[in-house]
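Okay, structure first, notes after.
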Amino acid sequence: MHDYCVRPAGPDDLDGARAVMLDTVYHDFGTGYVPRWHGDIVDPATAYLAPARHTLLVAVDTEQQVVGTGALDARGPLHPPNPRHVADRYPSGATAQLRRVYVRPEHRRRGLARRLVADLLAFAAADGGYRAVYLHTDPSVEGAEAFWRSLGTVVHDERQDPDGGQSVVHFGLPLPAAPTPRPHLTPHLTGR
């Protein structure tokens, strides 16, 4: 059994995170790097580490190698290319969009993607400004659609559009309740 640590990425994790992301778009998606879709992969520090409401998580193994990633930002889906009703439902600023939830093939089926998503959802809840959680996935990637269906609700399946759209599936995930602050306990002062 492997032990993994899921944590916010730091500057030393960026090369490993970028490698996981690029390997995924080349090998799993078959698209390779497409600048208009994958600009955040080239510069994850600007996309996820600099903005306070964004985050990039990494899953690292016992050798401190990055084996998985998960990101969140405050940018809702844009129209076009996404359907207008999806973009209207998930506006930028109020939407936590999950991105780049990728795990290296040899580390899959060990709960890492679920751990990454749970931590991303906790981050979104703690922010306090997000009202919805959104993502889209390419259903041609093995296991992707079933994974997201187990966690969220389909809000639009472009495969059912008359023209087939982008052939992606759009999901909404439940936003957990924000953590309740613990009351600060102070000793009662008594006077004589």
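Order determines the names: the first chain of the structure tokens is A, the second B, and so forth; residues in each chain are numbered 1 upward, and ligands are numbered 1 upward as they are shown.
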
*Selection near Gly93 in chain A, 7 Å with only C-alpha atoms, sequence-local residues under 2 positions removed, as an MDAnalysis selection string*: chainID A and resid 74:75 91 95

Can you write out the residues you just picked, keeping all heavy atoms, as a PDB file, in the first residue's frame?
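Okay, this is what ended up in selection28.pdb:
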```pdb
ATOM      1  N   ALA A  74     -11.520  30.720  -9.987  1.00  0.00           N
ATOM      2  CA  ALA A  74     -12.790  31.449  -9.897  1.00  0.00           C
ATOM      3  C   ALA A  74     -13.337  31.830 -11.256  1.00  0.00           C
ATOM      4  O   ALA A  74     -14.190  32.699 -11.356  1.00  0.00           O
ATOM      5  CB  ALA A  74     -12.600  32.705  -9.036  1.00  0.00           C
ATOM      6  N   ARG A  75     -12.857  31.187 -12.298  1.00  0.00           N
ATOM      7  CA  ARG A  75     -13.327  31.485 -13.653  1.00  0.00           C
ATOM      8  C   ARG A  75     -14.411  30.497 -14.044  1.00  0.00           C
ATOM      9  O   ARG A  75     -14.160  29.301 -14.125  1.00  0.00           O
ATOM     10  CB  ARG A  75     -12.180  31.398 -14.654  1.00  0.00           C
ATOM     11  CG  ARG A  75     -11.126  32.476 -14.442  1.00  0.00           C
ATOM     12  CD  ARG A  75      -9.957  32.302 -15.380  1.00  0.00           C
ATOM     13  NE  ARG A  75      -9.242  31.077 -15.040  1.00  0.00           N
ATOM     14  CZ  ARG A  75      -8.662  30.288 -15.927  1.00  0.00           C
ATOM     15  NH1 ARG A  75      -8.718  30.560 -17.210  1.00  0.00           N
ATOM     16  NH2 ARG A  75      -8.032  29.198 -15.547  1.00  0.00           N
ATOM     17  N   PRO A  91     -21.363  31.783 -13.233  1.00  0.00           N
ATOM     18  CA  PRO A  91     -20.614  33.004 -13.543  1.00  0.00           C
ATOM     19  C   PRO A  91     -19.249  33.046 -12.848  1.00  0.00           C
ATOM     20  O   PRO A  91     -19.071  32.521 -11.745  1.00  0.00           O
ATOM     21  CB  PRO A  91     -21.524  34.115 -13.024  1.00  0.00           C
ATOM     22  CG  PRO A  91     -22.296  33.478 -11.916  1.00  0.00           C
ATOM     23  CD  PRO A  91     -22.506  32.048 -12.344  1.00  0.00           C
ATOM     24  N   THR A  95     -18.235  31.167  -9.015  1.00  0.00           N
ATOM     25  CA  THR A  95     -18.096  29.747  -9.335  1.00  0.00           C
ATOM     26  C   THR A  95     -16.679  29.269  -9.064  1.00  0.00           C
ATOM     27  O   THR A  95     -15.717  29.887  -9.509  1.00  0.00           O
ATOM     28  CB  THR A  95     -18.430  29.501 -10.827  1.00  0.00           C
ATOM     29  OG1 THR A  95     -19.776  29.909 -11.061  1.00  0.00           O
ATOM     30  CG2 THR A  95     -18.249  28.046 -11.204  1.00  0.00           C
TER      31      THR A  95
END
```

_For the helix (DSSP H, G or I) assignment from backbone DSSP, which residues of range 7-166 of chain A qualify? Please present them as a VMD selection string._
chain A and resid 11 to 28 35 to 42 44 to 49 84 to 89 105 to 107 112 to 127 144 to 149 158 to 160

_Nearby residues (only C-alpha atoms) at most 9 Å from range 133-144 of chain A, same-chain spacing under 3 positions excluded, as number ranges by chain_ = A: 28-29, 76-77, 90, 94-99, 121, 124, 130, 147-149, 166-175

*Skipping near chain neighbours, those fewer than 4 positions away, what residues fall within 12 Å of Asp119 in chain A using only C-alpha atoms, listed as an MDAnalysis selection string?*
chainID A and resid 5:8 55:59 69:72 98 101 112:115 123:126 175:176

*Please run DSSP on the backbone and report, as a list in words, all residues within range 75-140 of chain A that come out as strand (DSSP E).*
Thr95, Ala96, Gln97, Leu98, Arg99, Arg100, Val101, Tyr102, Val103, Ala132, Val133, Tyr134, Leu135, His136 and Thr137 of chain A

Restricting it to N, CA, C and O atoms, dump the selection as a compact mmCIF listing (two decimals), in the first residue's frame.
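File result_5.txt, as written:
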```
# COMPACT_ATOMS: atom_id res chain seq x y z
N THR A 95 -18.23 31.17 -9.02
CA THR A 95 -18.10 29.75 -9.34
C THR A 95 -16.68 29.27 -9.06
O THR A 95 -15.72 29.89 -9.51
N ALA A 96 -16.57 28.17 -8.35
CA ALA A 96 -15.30 27.47 -8.18
C ALA A 96 -15.24 26.42 -9.28
O ALA A 96 -16.04 25.48 -9.28
N GLN A 97 -14.35 26.61 -10.24
CA GLN A 97 -14.22 25.63 -11.31
C GLN A 97 -13.07 24.69 -11.00
O GLN A 97 -11.94 25.13 -10.76
N LEU A 98 -13.38 23.39 -10.99
CA LEU A 98 -12.34 22.39 -10.77
C LEU A 98 -11.66 22.13 -12.10
O LEU A 98 -12.30 22.01 -13.14
N ARG A 99 -10.34 22.04 -12.03
CA ARG A 99 -9.53 21.82 -13.23
C ARG A 99 -8.38 20.87 -12.91
O ARG A 99 -7.98 20.75 -11.77
N ARG A 100 -7.88 20.26 -13.93
CA ARG A 100 -6.62 19.50 -13.87
C ARG A 100 -6.58 18.45 -12.77
O ARG A 100 -5.55 18.25 -12.12
N VAL A 101 -7.70 17.76 -12.54
CA VAL A 101 -7.71 16.64 -11.59
C VAL A 101 -7.19 15.44 -12.37
O VAL A 101 -7.93 14.75 -13.07
N TYR A 102 -5.87 15.23 -12.25
CA TYR A 102 -5.17 14.21 -13.01
C TYR A 102 -4.31 13.37 -12.06
O TYR A 102 -3.66 13.92 -11.16
N VAL A 103 -4.28 12.07 -12.31
CA VAL A 103 -3.44 11.16 -11.54
C VAL A 103 -2.70 10.28 -12.54
O VAL A 103 -3.29 9.78 -13.50
N ALA A 132 -21.18 28.09 -6.22
CA ALA A 132 -21.37 26.86 -6.99
C ALA A 132 -20.01 26.27 -7.33
O ALA A 132 -19.00 26.97 -7.33
N VAL A 133 -20.02 24.97 -7.63
CA VAL A 133 -18.82 24.27 -8.09
C VAL A 133 -19.15 23.65 -9.44
O VAL A 133 -20.19 23.00 -9.61
N TYR A 134 -18.27 23.86 -10.40
CA TYR A 134 -18.49 23.44 -11.78
C TYR A 134 -17.23 22.76 -12.31
O TYR A 134 -16.11 23.06 -11.89
N LEU A 135 -17.43 21.87 -13.28
CA LEU A 135 -16.33 21.31 -14.05
C LEU A 135 -16.91 20.74 -15.34
O LEU A 135 -18.12 20.52 -15.44
N HIS A 136 -16.05 20.52 -16.29
CA HIS A 136 -16.45 19.77 -17.48
C HIS A 136 -15.40 18.70 -17.72
O HIS A 136 -14.25 18.82 -17.28
N THR A 137 -15.82 17.64 -18.40
CA THR A 137 -14.90 16.55 -18.66
C THR A 137 -15.11 16.01 -20.07
O THR A 137 -16.18 16.16 -20.66
```

*Hey, which of A:Gly16, A:Pro44, A:Gly152, A:Gly129 ends up closest to Val60 in chain A? Count only C-alpha atoms.*
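Result for the nearest residue to Val60 in chain A: A:Gly16.
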
*So which one's closest to Leu78 in chain A, A:Gly111, A:Val117, A:Asp3, A:Trp37? Using only C-alpha atoms, please.*
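Closest to Leu78 in chain A of all the choices is A:Trp37.
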
_Nearest residue to Ala177 in chain A out of A:Glu158, A:Asp15, A:Asp40, A:Asp127, using only C-alpha atoms?_
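Looking only at the distances to Ala177 in chain A, the closest residue turns out to be A:Asp127.
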